[in-house]
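One file, upload.cif, is given below (mmCIF, C-alpha atoms).
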```
data_work
loop_
_atom_site.label_atom_id
_atom_site.label_comp_id
_atom_site.auth_asym_id
_atom_site.auth_seq_id
_atom_site.Cartn_x
_atom_site.Cartn_y
_atom_site.Cartn_z
CA MET A 1 -28.49 43.40 67.93
CA LEU A 2 -26.28 40.91 66.08
CA HIS A 3 -29.41 39.04 64.95
CA ARG A 4 -30.56 42.13 63.03
CA LEU A 5 -27.29 42.80 61.20
CA PRO A 6 -27.27 41.82 57.51
CA ALA A 7 -25.86 38.32 56.92
CA GLY A 8 -23.42 39.67 54.34
CA ALA A 9 -21.95 42.13 56.87
CA LYS A 10 -21.53 39.35 59.45
CA LEU A 11 -19.85 37.02 56.96
CA LEU A 12 -17.53 39.80 55.82
CA THR A 13 -16.64 40.68 59.43
CA LEU A 14 -15.99 37.01 60.14
CA ALA A 15 -13.64 36.79 57.14
CA VAL A 16 -11.76 39.95 58.26
CA LEU A 17 -11.39 38.79 61.89
CA LEU A 18 -10.22 35.30 60.89
CA SER A 19 -7.72 36.77 58.42
CA ALA A 20 -6.37 39.09 61.14
CA LEU A 21 -6.06 36.14 63.52
CA ILE A 22 -4.10 34.11 60.97
CA ILE A 23 -1.86 37.00 59.91
CA ALA A 24 -1.07 38.13 63.48
CA ALA A 25 -0.47 34.53 64.65
CA SER A 26 0.42 35.47 68.24
CA PRO A 27 -0.90 34.62 71.73
CA THR A 28 -1.95 38.27 72.09
CA ALA A 29 -4.05 38.02 68.94
CA VAL A 30 -5.67 34.84 70.29
CA VAL A 31 -6.50 36.55 73.60
CA ILE A 32 -7.93 39.59 71.78
CA GLY A 33 -9.86 37.28 69.45
CA ALA A 34 -11.26 35.37 72.41
CA ALA A 35 -12.28 38.64 74.09
CA VAL A 36 -14.00 39.89 70.91
CA THR A 37 -15.78 36.55 70.52
CA GLY A 38 -16.92 36.55 74.14
CA ALA A 39 -18.17 40.12 73.75
CA GLY A 40 -20.00 39.10 70.59
CA TYR A 41 -21.86 36.30 72.40
CA ALA A 42 -22.67 38.71 75.25
CA VAL A 43 -24.01 41.37 72.87
CA ALA A 44 -26.03 38.74 70.97
CA ARG A 45 -27.37 37.46 74.34
CA VAL A 46 -27.06 33.84 73.31
CA GLY A 47 -25.25 32.77 76.47
CA TRP A 48 -22.06 30.91 77.32
CA ARG A 49 -23.74 27.50 77.03
CA VAL A 50 -24.39 28.12 73.33
CA MET A 51 -20.78 29.27 72.90
CA LEU A 52 -19.53 26.13 74.64
CA ALA A 53 -21.78 23.98 72.42
CA GLN A 54 -20.04 25.40 69.34
CA VAL A 55 -16.54 24.37 70.44
CA TRP A 56 -17.29 21.29 72.59
CA PRO A 57 -17.18 18.84 69.63
CA LEU A 58 -13.59 20.00 69.03
CA ARG A 59 -12.33 18.93 72.46
CA TRP A 60 -10.63 15.66 71.47
CA PHE A 61 -9.16 17.02 68.27
CA ALA A 62 -8.00 20.20 70.04
CA GLY A 63 -6.44 18.17 72.86
CA VAL A 64 -4.45 15.97 70.51
CA LEU A 65 -3.41 18.95 68.38
CA MET A 66 -2.33 20.90 71.48
CA ALA A 67 -0.13 18.03 72.69
CA LEU A 68 1.36 17.51 69.24
CA GLN A 69 2.09 21.20 68.68
CA TRP A 70 3.57 21.62 72.17
CA TRP A 71 5.84 18.64 71.57
CA LEU A 72 6.86 19.69 68.04
CA SER A 73 6.89 23.49 68.22
CA GLY A 74 6.61 24.61 71.84
CA LEU A 75 3.86 25.98 74.07
CA GLU A 76 3.49 29.37 72.38
CA GLN A 77 2.89 27.85 68.93
CA ALA A 78 0.45 25.33 70.45
CA VAL A 79 -1.55 28.16 72.06
CA VAL A 80 -1.58 30.14 68.81
CA THR A 81 -2.70 27.16 66.68
CA VAL A 82 -5.25 25.57 69.00
CA GLY A 83 -6.44 28.86 70.52
CA GLY A 84 -6.86 30.32 67.03
CA LEU A 85 -8.82 27.27 65.92
CA VAL A 86 -11.17 27.42 68.92
CA VAL A 87 -11.71 31.18 68.52
CA ALA A 88 -12.39 30.72 64.77
CA VAL A 89 -14.96 27.97 65.39
CA ALA A 90 -16.64 30.01 68.15
CA LEU A 91 -16.78 33.09 65.90
CA ALA A 92 -18.22 31.09 62.99
CA GLY A 93 -20.71 29.56 65.45
CA LEU A 94 -21.73 33.06 66.57
CA VAL A 95 -22.54 33.98 62.96
CA THR A 96 -24.47 30.73 62.52
CA VAL A 97 -26.62 31.08 65.63
CA THR A 98 -27.46 34.73 64.92
CA THR A 99 -28.24 34.32 61.22
CA ARG A 100 -31.11 32.53 59.51
CA VAL A 101 -29.94 29.98 56.97
CA THR A 102 -31.97 31.68 54.24
CA ALA A 103 -30.27 35.00 55.00
CA MET A 104 -26.85 33.35 54.92
CA THR A 105 -27.51 31.49 51.66
CA ALA A 106 -29.00 34.66 50.15
CA ALA A 107 -25.81 36.53 51.11
CA PHE A 108 -23.71 33.83 49.45
CA ALA A 109 -25.94 33.98 46.38
CA THR A 110 -25.40 37.74 46.23
CA GLY A 111 -21.65 37.32 46.67
CA LEU A 112 -21.53 34.71 43.90
CA ARG A 113 -23.50 36.83 41.44
CA PRO A 114 -20.36 38.04 39.58
CA LEU A 115 -19.60 34.39 38.79
CA THR A 116 -22.72 34.09 36.63
CA VAL A 117 -20.53 35.16 33.67
CA PHE A 118 -18.70 31.84 34.16
CA GLY A 119 -21.97 29.88 34.13
CA VAL A 120 -22.35 29.60 37.93
CA ASP A 121 -25.99 29.68 39.11
CA PRO A 122 -25.85 31.47 42.52
CA GLN A 123 -29.35 30.28 43.53
CA ARG A 124 -28.39 26.69 42.86
CA VAL A 125 -25.21 27.07 44.94
CA ALA A 126 -27.27 28.64 47.76
CA LEU A 127 -29.74 25.73 47.67
CA MET A 128 -26.84 23.25 47.78
CA MET A 129 -25.50 25.05 50.86
CA ALA A 130 -28.87 24.88 52.59
CA LEU A 131 -29.20 21.19 51.73
CA GLY A 132 -25.71 20.59 53.12
CA ILE A 133 -26.62 22.28 56.39
CA ARG A 134 -29.85 20.28 56.61
CA ALA A 135 -27.92 17.06 55.85
CA VAL A 136 -25.82 17.32 59.02
CA PRO A 137 -28.61 16.39 61.52
CA VAL A 138 -30.13 13.93 59.03
CA VAL A 139 -26.90 11.94 58.64
CA GLY A 140 -26.36 12.23 62.41
CA GLY A 141 -29.78 10.68 62.91
CA LEU A 142 -29.01 7.87 60.47
CA ALA A 143 -25.72 7.17 62.29
CA ALA A 144 -27.61 7.03 65.60
CA GLU A 145 -30.10 4.56 64.09
CA VAL A 146 -27.28 2.28 62.91
CA ARG A 147 -25.64 2.44 66.37
CA GLU A 148 -28.96 1.61 68.06
CA ALA A 149 -29.52 -1.30 65.69
CA HIS A 150 -26.08 -2.67 66.72
CA ARG A 151 -26.88 -2.25 70.41
CA ALA A 152 -30.31 -3.84 70.04
CA ARG A 153 -28.71 -6.94 68.51
CA GLY A 154 -25.82 -7.00 70.97
CA LEU A 155 -23.22 -6.33 68.26
CA ARG A 156 -19.99 -4.38 68.61
CA LEU A 157 -19.40 -1.53 66.19
CA ASP A 158 -16.81 -2.21 63.55
CA PRO A 159 -16.04 -0.18 60.42
CA ARG A 160 -17.72 -2.67 58.07
CA THR A 161 -20.97 -3.25 59.94
CA TYR A 162 -21.22 0.43 60.87
CA GLY A 163 -19.94 2.13 57.72
CA VAL A 164 -21.68 0.06 55.04
CA PRO A 165 -25.26 0.45 56.33
CA LEU A 166 -24.63 4.11 57.09
CA VAL A 167 -23.40 4.78 53.55
CA VAL A 168 -26.30 2.80 52.06
CA ARG A 169 -28.86 4.67 54.17
CA THR A 170 -27.24 8.01 53.35
CA LEU A 171 -27.37 7.27 49.62
CA ARG A 172 -31.02 6.20 49.90
CA GLN A 173 -31.77 9.42 51.78
CA ALA A 174 -30.03 11.41 49.04
CA ASP A 175 -32.20 9.66 46.43
CA ALA A 176 -35.32 10.43 48.44
CA VAL A 177 -34.36 14.11 48.79
CA GLY A 178 -33.73 14.29 45.04
CA GLU A 179 -37.17 12.81 44.39
CA ALA A 180 -38.76 15.21 46.88
CA LEU A 181 -37.11 18.20 45.18
CA ALA A 182 -38.38 16.95 41.82
CA ALA A 183 -41.87 16.51 43.27
CA ARG A 184 -41.79 20.15 44.39
CA GLY A 185 -40.84 21.30 40.89
CA LEU A 186 -37.22 22.09 41.86
CA ASP A 187 -35.54 19.61 39.54
CA ASP A 188 -34.69 21.95 36.66
CA MET B 189 -59.11 15.68 35.29
CA ILE B 190 -56.40 12.99 35.21
CA GLU B 191 -56.33 10.65 32.21
CA VAL B 192 -54.20 7.51 32.34
CA GLU B 193 -54.15 5.82 28.94
CA GLY B 194 -52.76 2.29 28.48
CA VAL B 195 -49.86 2.82 30.88
CA THR B 196 -47.26 0.13 31.39
CA HIS B 197 -44.20 0.62 33.59
CA ARG B 198 -41.49 -2.00 33.98
CA LEU B 199 -38.73 -2.60 36.50
CA GLY B 200 -36.40 -4.95 34.65
CA ASP B 201 -38.58 -7.76 33.26
CA ARG B 202 -41.41 -7.18 35.74
CA ALA B 203 -44.39 -5.02 34.76
CA VAL B 204 -45.07 -2.92 37.87
CA LEU B 205 -48.04 -1.43 36.01
CA ASP B 206 -49.59 -3.43 33.21
CA ASP B 207 -51.70 -1.56 30.62
CA VAL B 208 -53.58 0.58 33.14
CA SER B 209 -56.27 2.95 31.84
CA VAL B 210 -58.45 5.11 34.05
CA VAL B 211 -59.90 8.62 34.15
CA LEU B 212 -59.91 10.34 37.55
CA GLY B 213 -62.35 13.21 37.85
CA GLU B 214 -63.76 12.85 41.36
CA ARG B 215 -62.59 15.15 44.17
CA ARG B 216 -61.61 12.36 46.57
CA ILE B 217 -60.02 9.20 45.22
CA ALA B 218 -58.35 6.50 47.32
CA ILE B 219 -56.09 3.71 46.16
CA VAL B 220 -55.64 0.48 48.09
CA GLY B 221 -53.73 -2.69 47.37
CA ALA B 222 -51.09 -5.05 48.67
CA ASN B 223 -47.40 -4.11 48.92
CA GLY B 224 -45.84 -4.32 45.45
CA SER B 225 -49.19 -4.05 43.67
CA GLY B 226 -48.13 -0.90 41.79
CA LYS B 227 -49.93 1.76 43.87
CA SER B 228 -46.89 3.95 44.59
CA THR B 229 -45.65 3.74 41.00
CA PHE B 230 -49.13 4.74 39.83
CA ALA B 231 -49.11 7.73 42.23
CA ARG B 232 -45.67 8.82 41.01
CA LEU B 233 -46.90 8.69 37.41
CA LEU B 234 -49.51 11.31 38.22
CA ASN B 235 -46.98 14.11 38.74
CA GLY B 236 -44.31 12.83 36.41
CA LEU B 237 -41.88 11.48 39.00
CA VAL B 238 -42.10 8.19 37.09
CA GLU B 239 -42.48 8.08 33.31
CA PRO B 240 -44.50 5.34 31.62
CA ASP B 241 -42.70 2.86 29.36
CA ALA B 242 -45.88 2.71 27.27
CA GLY B 243 -49.03 4.79 27.23
CA ARG B 244 -49.39 8.29 28.63
CA VAL B 245 -50.69 10.30 31.58
CA VAL B 246 -52.40 13.65 31.02
CA VAL B 247 -53.29 15.99 33.88
CA ASP B 248 -55.66 18.81 32.95
CA GLY B 249 -54.41 18.67 29.39
CA ARG B 250 -50.69 18.50 30.28
CA ASP B 251 -48.66 15.42 29.39
CA THR B 252 -46.51 14.28 32.34
CA VAL B 253 -43.55 13.47 30.07
CA SER B 254 -43.47 16.33 27.58
CA ASP B 255 -44.70 18.92 30.10
CA GLY B 256 -43.35 17.37 33.32
CA ALA B 257 -42.20 20.56 35.05
CA ALA B 258 -45.61 22.21 34.57
CA VAL B 259 -47.38 19.08 35.79
CA ARG B 260 -45.28 19.03 38.97
CA ARG B 261 -46.21 22.64 39.70
CA HIS B 262 -49.84 21.68 39.19
CA VAL B 263 -49.81 18.37 41.10
CA GLY B 264 -48.46 18.35 44.66
CA PHE B 265 -47.04 15.14 46.11
CA VAL B 266 -46.91 14.08 49.76
CA PHE B 267 -44.59 11.18 50.59
CA THR B 268 -45.00 8.50 53.26
CA ASN B 269 -41.87 9.55 55.11
CA PRO B 270 -41.78 13.31 55.73
CA ASP B 271 -38.05 13.15 56.50
CA ALA B 272 -37.49 12.56 52.80
CA GLN B 273 -39.62 15.53 51.85
CA ILE B 274 -38.34 18.11 54.34
CA VAL B 275 -35.11 19.51 52.95
CA MET B 276 -34.54 22.85 54.68
CA PRO B 277 -33.24 23.49 58.22
CA THR B 278 -36.22 25.42 59.60
CA VAL B 279 -39.97 25.13 59.20
CA ALA B 280 -40.59 28.44 57.39
CA GLU B 281 -37.59 27.95 55.12
CA ASP B 282 -38.81 24.53 54.08
CA VAL B 283 -42.32 25.73 53.26
CA GLY B 284 -40.90 28.76 51.42
CA LEU B 285 -38.66 26.50 49.32
CA SER B 286 -41.71 25.47 47.27
CA LEU B 287 -42.11 29.10 46.14
CA ARG B 288 -38.49 29.40 45.09
CA ARG B 289 -39.34 29.44 41.39
CA SER B 290 -42.25 31.85 41.85
CA ARG B 291 -41.82 35.53 41.09
CA MET B 292 -43.19 36.60 44.46
CA ASP B 293 -41.34 39.10 46.63
CA LYS B 294 -40.24 38.29 50.20
CA ASP B 295 -43.36 39.74 51.83
CA GLN B 296 -45.66 37.76 49.56
CA ILE B 297 -43.71 34.57 50.26
CA ARG B 298 -43.81 35.25 54.02
CA GLN B 299 -47.57 35.74 53.83
CA ARG B 300 -48.13 32.56 51.82
CA VAL B 301 -45.90 30.56 54.19
CA ALA B 302 -47.84 31.88 57.20
CA GLU B 303 -51.14 30.91 55.53
CA ALA B 304 -49.89 27.42 54.70
CA LEU B 305 -48.61 26.86 58.25
CA ALA B 306 -51.93 28.10 59.65
CA ALA B 307 -53.82 25.72 57.35
CA VAL B 308 -52.05 22.72 58.91
CA GLY B 309 -52.07 24.05 62.48
CA LEU B 310 -48.36 24.93 62.65
CA THR B 311 -48.67 28.66 63.29
CA GLY B 312 -45.72 29.85 65.39
CA PHE B 313 -43.47 27.00 64.25
CA ASP B 314 -41.66 29.20 61.68
CA ASP B 315 -38.18 29.20 63.22
CA ARG B 316 -38.21 25.70 64.70
CA PRO B 317 -35.54 23.32 63.38
CA SER B 318 -37.44 20.99 61.05
CA HIS B 319 -35.48 17.91 62.13
CA LEU B 320 -36.56 18.37 65.77
CA LEU B 321 -40.31 18.19 65.06
CA SER B 322 -42.33 15.13 66.05
CA GLY B 323 -43.34 12.65 63.34
CA GLY B 324 -46.84 14.10 63.15
CA GLU B 325 -45.58 17.68 62.98
CA LYS B 326 -43.13 16.68 60.24
CA GLN B 327 -45.95 15.25 58.12
CA LEU B 328 -47.99 18.43 58.67
CA LEU B 329 -44.93 20.45 57.62
CA ALA B 330 -44.55 18.31 54.49
CA LEU B 331 -48.21 18.96 53.73
CA ALA B 332 -47.74 22.72 54.24
CA GLY B 333 -44.74 22.62 51.89
CA VAL B 334 -47.01 21.23 49.19
CA LEU B 335 -50.10 23.35 49.91
CA VAL B 336 -48.15 26.63 49.86
CA ALA B 337 -47.70 26.22 46.09
CA ARG B 338 -51.51 25.96 45.75
CA PRO B 339 -51.58 22.89 43.52
CA ASP B 340 -54.82 21.90 41.80
CA VAL B 341 -54.28 18.22 42.60
CA LEU B 342 -52.74 16.59 45.66
CA VAL B 343 -51.30 13.07 45.42
CA CYS B 344 -50.53 11.46 48.78
CA ASP B 345 -48.58 8.22 49.09
CA GLU B 346 -49.63 6.70 52.44
CA PRO B 347 -49.32 10.02 54.33
CA THR B 348 -50.64 8.54 57.58
CA THR B 349 -48.76 5.23 57.67
CA LEU B 350 -46.12 6.48 60.13
CA LEU B 351 -48.54 8.49 62.27
CA ASP B 352 -50.43 7.72 65.48
CA LEU B 353 -54.22 7.89 65.63
CA ARG B 354 -54.38 11.56 66.69
CA ASN B 355 -52.05 12.74 63.93
CA THR B 356 -53.78 10.49 61.39
CA GLN B 357 -57.04 12.23 62.27
CA ARG B 358 -55.39 15.67 61.99
CA VAL B 359 -53.97 14.90 58.54
CA MET B 360 -57.22 13.36 57.31
CA ALA B 361 -59.24 16.34 58.59
CA ILE B 362 -56.95 18.70 56.66
CA LEU B 363 -57.09 16.61 53.49
CA SER B 364 -60.89 16.32 53.75
CA GLY B 365 -61.25 20.09 53.98
CA LEU B 366 -59.17 20.93 50.92
CA ASP B 367 -60.73 22.36 47.78
CA GLN B 368 -58.25 20.47 45.62
CA GLN B 369 -58.69 17.06 44.05
CA VAL B 370 -56.99 14.52 46.34
CA VAL B 371 -55.66 11.13 45.24
CA MET B 372 -54.45 9.15 48.25
CA ILE B 373 -52.86 5.75 48.69
CA THR B 374 -53.71 4.18 52.01
CA HIS B 375 -53.72 0.91 53.92
CA ASP B 376 -56.18 2.33 56.43
CA LEU B 377 -59.57 1.00 55.35
CA ASP B 378 -61.30 3.05 58.06
CA VAL B 379 -60.65 6.33 56.21
CA LEU B 380 -62.07 5.13 52.89
CA ALA B 381 -65.57 6.32 53.82
CA LEU B 382 -64.29 9.88 53.25
CA PHE B 383 -63.64 9.15 49.56
CA ASP B 384 -65.89 9.30 46.50
CA ARG B 385 -64.12 6.52 44.64
CA VAL B 386 -61.69 3.74 45.53
CA LEU B 387 -59.34 1.90 43.17
CA VAL B 388 -58.03 -1.52 44.19
CA PHE B 389 -54.65 -2.49 42.72
CA GLU B 390 -53.35 -6.02 42.35
CA ALA B 391 -50.26 -7.14 40.39
CA GLY B 392 -50.01 -3.89 38.44
CA ARG B 393 -53.68 -3.72 37.43
CA ILE B 394 -56.84 -2.08 38.71
CA VAL B 395 -59.01 -5.00 39.78
CA ALA B 396 -61.82 -3.03 41.41
CA ASP B 397 -63.04 0.52 40.87
CA ALA B 398 -66.06 1.46 42.94
CA GLY B 399 -67.44 3.34 45.93
CA PRO B 400 -65.83 2.72 49.33
CA ALA B 401 -68.09 -0.12 50.57
CA GLU B 402 -67.94 -2.13 47.36
CA ALA B 403 -64.21 -1.57 46.91
CA VAL B 404 -63.43 -2.62 50.50
CA ALA B 405 -65.46 -5.80 49.99
CA ALA B 406 -63.55 -6.52 46.78
CA TYR B 407 -60.20 -5.87 48.51
CA ARG B 408 -61.08 -8.11 51.46
CA ALA B 409 -62.12 -10.87 49.06
CA LEU B 410 -58.82 -10.45 47.25
CA VAL B 411 -56.64 -10.85 50.33
CA GLY B 412 -58.77 -13.72 51.60
#
```
Starting from the file, lay out its structure as structure tokens.
Amino acid sequence: MLHRLPAGAKLLTLAVLLSALIIAASPTAVVIGAAVTGAGYAVARVGWRVMLAQVWPLRWFAGVLMALQWWLSGLEQAVVTVGGLVVAVALAGLVTVTTRVTAMTAAFATGLRPLTVFGVDPQRVALMMALGIRAVPVVGGLAAEVREAHRARGLRLDPRTYGVPLVVRTLRQADAVGEALAARGLDD
Amino acid sequence: MIEVEGVTHRLGDRAVLDDVSVVLGERRIAIVGANGSGKSTFARLLNGLVEPDAGRVVVDGRDTVSDGAAVRRHVGFVFTNPDAQIVMPTVAEDVGLSLRRSRMDKDQIRQRVAEALAAVGLTGFDDRPSHLLSGGEKQLLALAGVLVARPDVLVCDEPTTLLDLRNTQRVMAILSGLDQQVVMITHDLDVLALFDRVLVFEAGRIVADAGPAEAVAAYRALVG
């Protein structure tokens, strides 16, 4: 059912729920938010594994933040901050996995239409968003290649030998994408 | 009809192309030559990705410099590495991107995307993440992204270099069956028999311009 909802409605709902979570800022709000998020994944029938995949990359950051907040502000504040963060990421992930990128970028383009009076081109912004989303796995792949090259040569990763080739490859990839867009007549 | 008139292109002091003139009217034209011989620069001139420092390139009456945007809509370009060409997260979105500037409605775009995917054998791949395709599937997707715009000319810069034998055969079968004029750079001398005319590049110049057998002989003599 969630898959069929308009992208704009989902993005608006996401904004409302996240605002409510921030304004309420209580453990109860976090629990309710978690319940709503869990229900959302159940209704969308995307499964708990997909939900876990959305928040799993946060585990180290969330762990450190939890410890820091507990130490500085107490357990309740730590639960509110970290719980709120995890719920927010899971909710945003739910919107992402139930919405086609084109639908999401089209919704953003529609939302940005009033800004055309200030010279903003909504279609261009939407294309930039799509390119940004596409860039995530591409840069991840480039990073994996650099890591493999280190392993193959028996080298240890250090910021210079890892960062420099990754930045160079990323810039080359950006050049290539620019050329590909021009070749497809999308350079104006 | 592609007319290249006295074109020179320089990178610093080096002439990558040196006073090249040629008229390309055949349906299937291949370009061979050593690395650095100017083949890729020549290919990029044909749809205005590279502008000549001297001379001019005219495609069906359109100058690639003064009318570059129109030329690029008219001349599709397939790169060696499909990862550079695929820019959208899913297969259908990437193919549809080429119709972004068209005035077609969503249903028309969906129909054209489906036709393009069918033409390259990727029916049913619409919602697949483009970065998770195999190398061969990515090149077929890149080809679909060009064909969906229905260009009159297709320029391919070594489209099979990164592919295995099976995918090379798939791509070549698709290219052979197209109605469009195809200009293709290749290092694979086995596929040249499919072409009407072969240009051999060396040091920024065309040193042989003939049918496949004669051109291959000239190229082999050149590399010793």
(request) Taking the file as shown, find all residues satisfying the PyMOL selection byres ((chain A and resi 98-109) around 10) and write them as a PyMOL selection string. (result) (chain A and resi 1-11+41+44-46+93-97+110-115+121-130+133-134) or (chain B and resi 276-278+280-282+284-285+315)
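Residue membership of the PyMOL selection byres ((chain A) within 8 of (chain B)) in the shown file amounts to Val101, Thr102, Ala130, Leu131, Ile133, Arg134, Pro137, Val138, Gln173, Ala176, Val177, Glu179, Ala180, Leu181, Ala182, Ala183, Arg184, Gly185, Leu186 and Asp188 of chain A.
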Could you please take those selected residues and save C-alpha atoms as a PDB file, in the frame of the given file?
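Final output, out.pdb:
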```
ATOM      1  CA  VAL A 101     -29.940  29.980  56.970  1.00  0.00           C
ATOM      2  CA  THR A 102     -31.970  31.680  54.240  1.00  0.00           C
ATOM      3  CA  ALA A 130     -28.870  24.880  52.590  1.00  0.00           C
ATOM      4  CA  LEU A 131     -29.200  21.190  51.730  1.00  0.00           C
ATOM      5  CA  ILE A 133     -26.620  22.280  56.390  1.00  0.00           C
ATOM      6  CA  ARG A 134     -29.850  20.280  56.610  1.00  0.00           C
ATOM      7  CA  PRO A 137     -28.610  16.390  61.520  1.00  0.00           C
ATOM      8  CA  VAL A 138     -30.130  13.930  59.030  1.00  0.00           C
ATOM      9  CA  GLN A 173     -31.770   9.420  51.780  1.00  0.00           C
ATOM     10  CA  ALA A 176     -35.320  10.430  48.440  1.00  0.00           C
ATOM     11  CA  VAL A 177     -34.360  14.110  48.790  1.00  0.00           C
ATOM     12  CA  GLU A 179     -37.170  12.810  44.390  1.00  0.00           C
ATOM     13  CA  ALA A 180     -38.760  15.210  46.880  1.00  0.00           C
ATOM     14  CA  LEU A 181     -37.110  18.200  45.180  1.00  0.00           C
ATOM     15  CA  ALA A 182     -38.380  16.950  41.820  1.00  0.00           C
ATOM     16  CA  ALA A 183     -41.870  16.510  43.270  1.00  0.00           C
ATOM     17  CA  ARG A 184     -41.790  20.150  44.390  1.00  0.00           C
ATOM     18  CA  GLY A 185     -40.840  21.300  40.890  1.00  0.00           C
ATOM     19  CA  LEU A 186     -37.220  22.090  41.860  1.00  0.00           C
ATOM     20  CA  ASP A 188     -34.690  21.950  36.660  1.00  0.00           C
TER      21      ASP A 188
END
```
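The residues caught by the PyMOL selection byres ((chain B and resi 205-212) around 6) in this file are Met189, Ile190, Glu191, Val192, Glu193, Gly194, Val195, Thr196, His197, Ala203, Val204, Gly213, Glu214, Gly226, Gly392 and Arg393 of chain B.
When only C-alpha atoms are used to compute distances to A:Ile22, the closest of the residues A:Leu142, A:Ala88, A:Leu166, A:Ala135 turns out to be A:Ala88.
Remark: for A:Leu68, the closest of the candidate residues A:Thr13, A:Thr37, A:Thr81, A:Thr116 is A:Thr81 (distances computed over all atoms listed in the file).
In this structure, atom CA of B:Arg408 sits 10.7 Å away from atom CA of B:Val220.
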(message) Can you measure atom CA of B:Ala222 to atom CA of B:Met372 for me? One decimal in Å is fine.
(response) 14.6 Å
5 Å per side around stretch 37-55 of chain A: axis-aligned box centre and edge lengths, as lines of an AutoDock Vina configuration file:
```
center_x = -21.6
center_y = 32.7
center_z = 73.3
size_x = 21.6
size_y = 27.4
size_z = 18.0
```
So that I can check the surroundings of A:Val30, please list as a PDB file with C-alpha atoms, in the coordinates of the input every protein, DNA and RNA residue that reaches within 8 Å of it, counting only C-alpha atoms and ignoring chain neighbours fewer than 2 positions away.
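Dumped everything to selection_7.pdb:
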```pdb
ATOM      1  CA  LEU A  21      -6.060  36.140  63.520  1.00  0.00           C
ATOM      2  CA  ALA A  25      -0.470  34.530  64.650  1.00  0.00           C
ATOM      3  CA  SER A  26       0.420  35.470  68.240  1.00  0.00           C
ATOM      4  CA  PRO A  27      -0.900  34.620  71.730  1.00  0.00           C
ATOM      5  CA  THR A  28      -1.950  38.270  72.090  1.00  0.00           C
ATOM      6  CA  ILE A  32      -7.930  39.590  71.780  1.00  0.00           C
ATOM      7  CA  GLY A  33      -9.860  37.280  69.450  1.00  0.00           C
ATOM      8  CA  ALA A  34     -11.260  35.370  72.410  1.00  0.00           C
ATOM      9  CA  VAL A  80      -1.580  30.140  68.810  1.00  0.00           C
ATOM     10  CA  GLY A  83      -6.440  28.860  70.520  1.00  0.00           C
ATOM     11  CA  GLY A  84      -6.860  30.320  67.030  1.00  0.00           C
ATOM     12  CA  VAL A  87     -11.710  31.180  68.520  1.00  0.00           C
TER      13      VAL A  87
END
```
(message) As an exercise, work out the distance from atom CA of B:His375 to atom CA of B:Glu346 in Å and give it to one decimal place.
(response) 7.2 Å
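Nearest residue to A:Ala174, choosing from A:Val117, A:Ala152, A:Val139, A:Ala90 and counting only C-alpha atoms: A:Val139.
When all atoms listed in the file are used to measure the gap to A:Leu12, the shortest distance among A:Val36, A:Ala29, A:Ala92, A:Val43 belongs to A:Ala92.
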With a distance cut-off of 10 Å and only C-alpha atoms, select the neighbouring residues of B:Pro400, excluding the residue or stretch itself and same-chain residues fewer than 5 positions from it, and output the selection as an mmCIF file with C-alpha atoms, in the frame of the given file.
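Saved file selection-v2.cif follows:
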```cif
data_model
loop_
_atom_site.group_PDB
_atom_site.id
_atom_site.type_symbol
_atom_site.label_atom_id
_atom_site.label_comp_id
_atom_site.auth_asym_id
_atom_site.auth_seq_id
_atom_site.Cartn_x
_atom_site.Cartn_y
_atom_site.Cartn_z
ATOM 1 C CA ILE B 217 -60.020 9.200 45.220
ATOM 2 C CA ALA B 218 -58.350 6.500 47.320
ATOM 3 C CA LEU B 377 -59.570 1.000 55.350
ATOM 4 C CA ASP B 378 -61.300 3.050 58.060
ATOM 5 C CA VAL B 379 -60.650 6.330 56.210
ATOM 6 C CA LEU B 380 -62.070 5.130 52.890
ATOM 7 C CA ALA B 381 -65.570 6.320 53.820
ATOM 8 C CA LEU B 382 -64.290 9.880 53.250
ATOM 9 C CA PHE B 383 -63.640 9.150 49.560
ATOM 10 C CA ASP B 384 -65.890 9.300 46.500
ATOM 11 C CA ARG B 385 -64.120 6.520 44.640
ATOM 12 C CA VAL B 386 -61.690 3.740 45.530
ATOM 13 C CA LEU B 387 -59.340 1.900 43.170
ATOM 14 C CA ALA B 405 -65.460 -5.800 49.990
ATOM 15 C CA ALA B 406 -63.550 -6.520 46.780
#
```
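Considering the residues B:Leu310, B:Val388, B:Ile394, B:Leu342 and counting all atoms listed in the file, B:Leu234 has its shortest atom-to-atom contact with B:Leu342.
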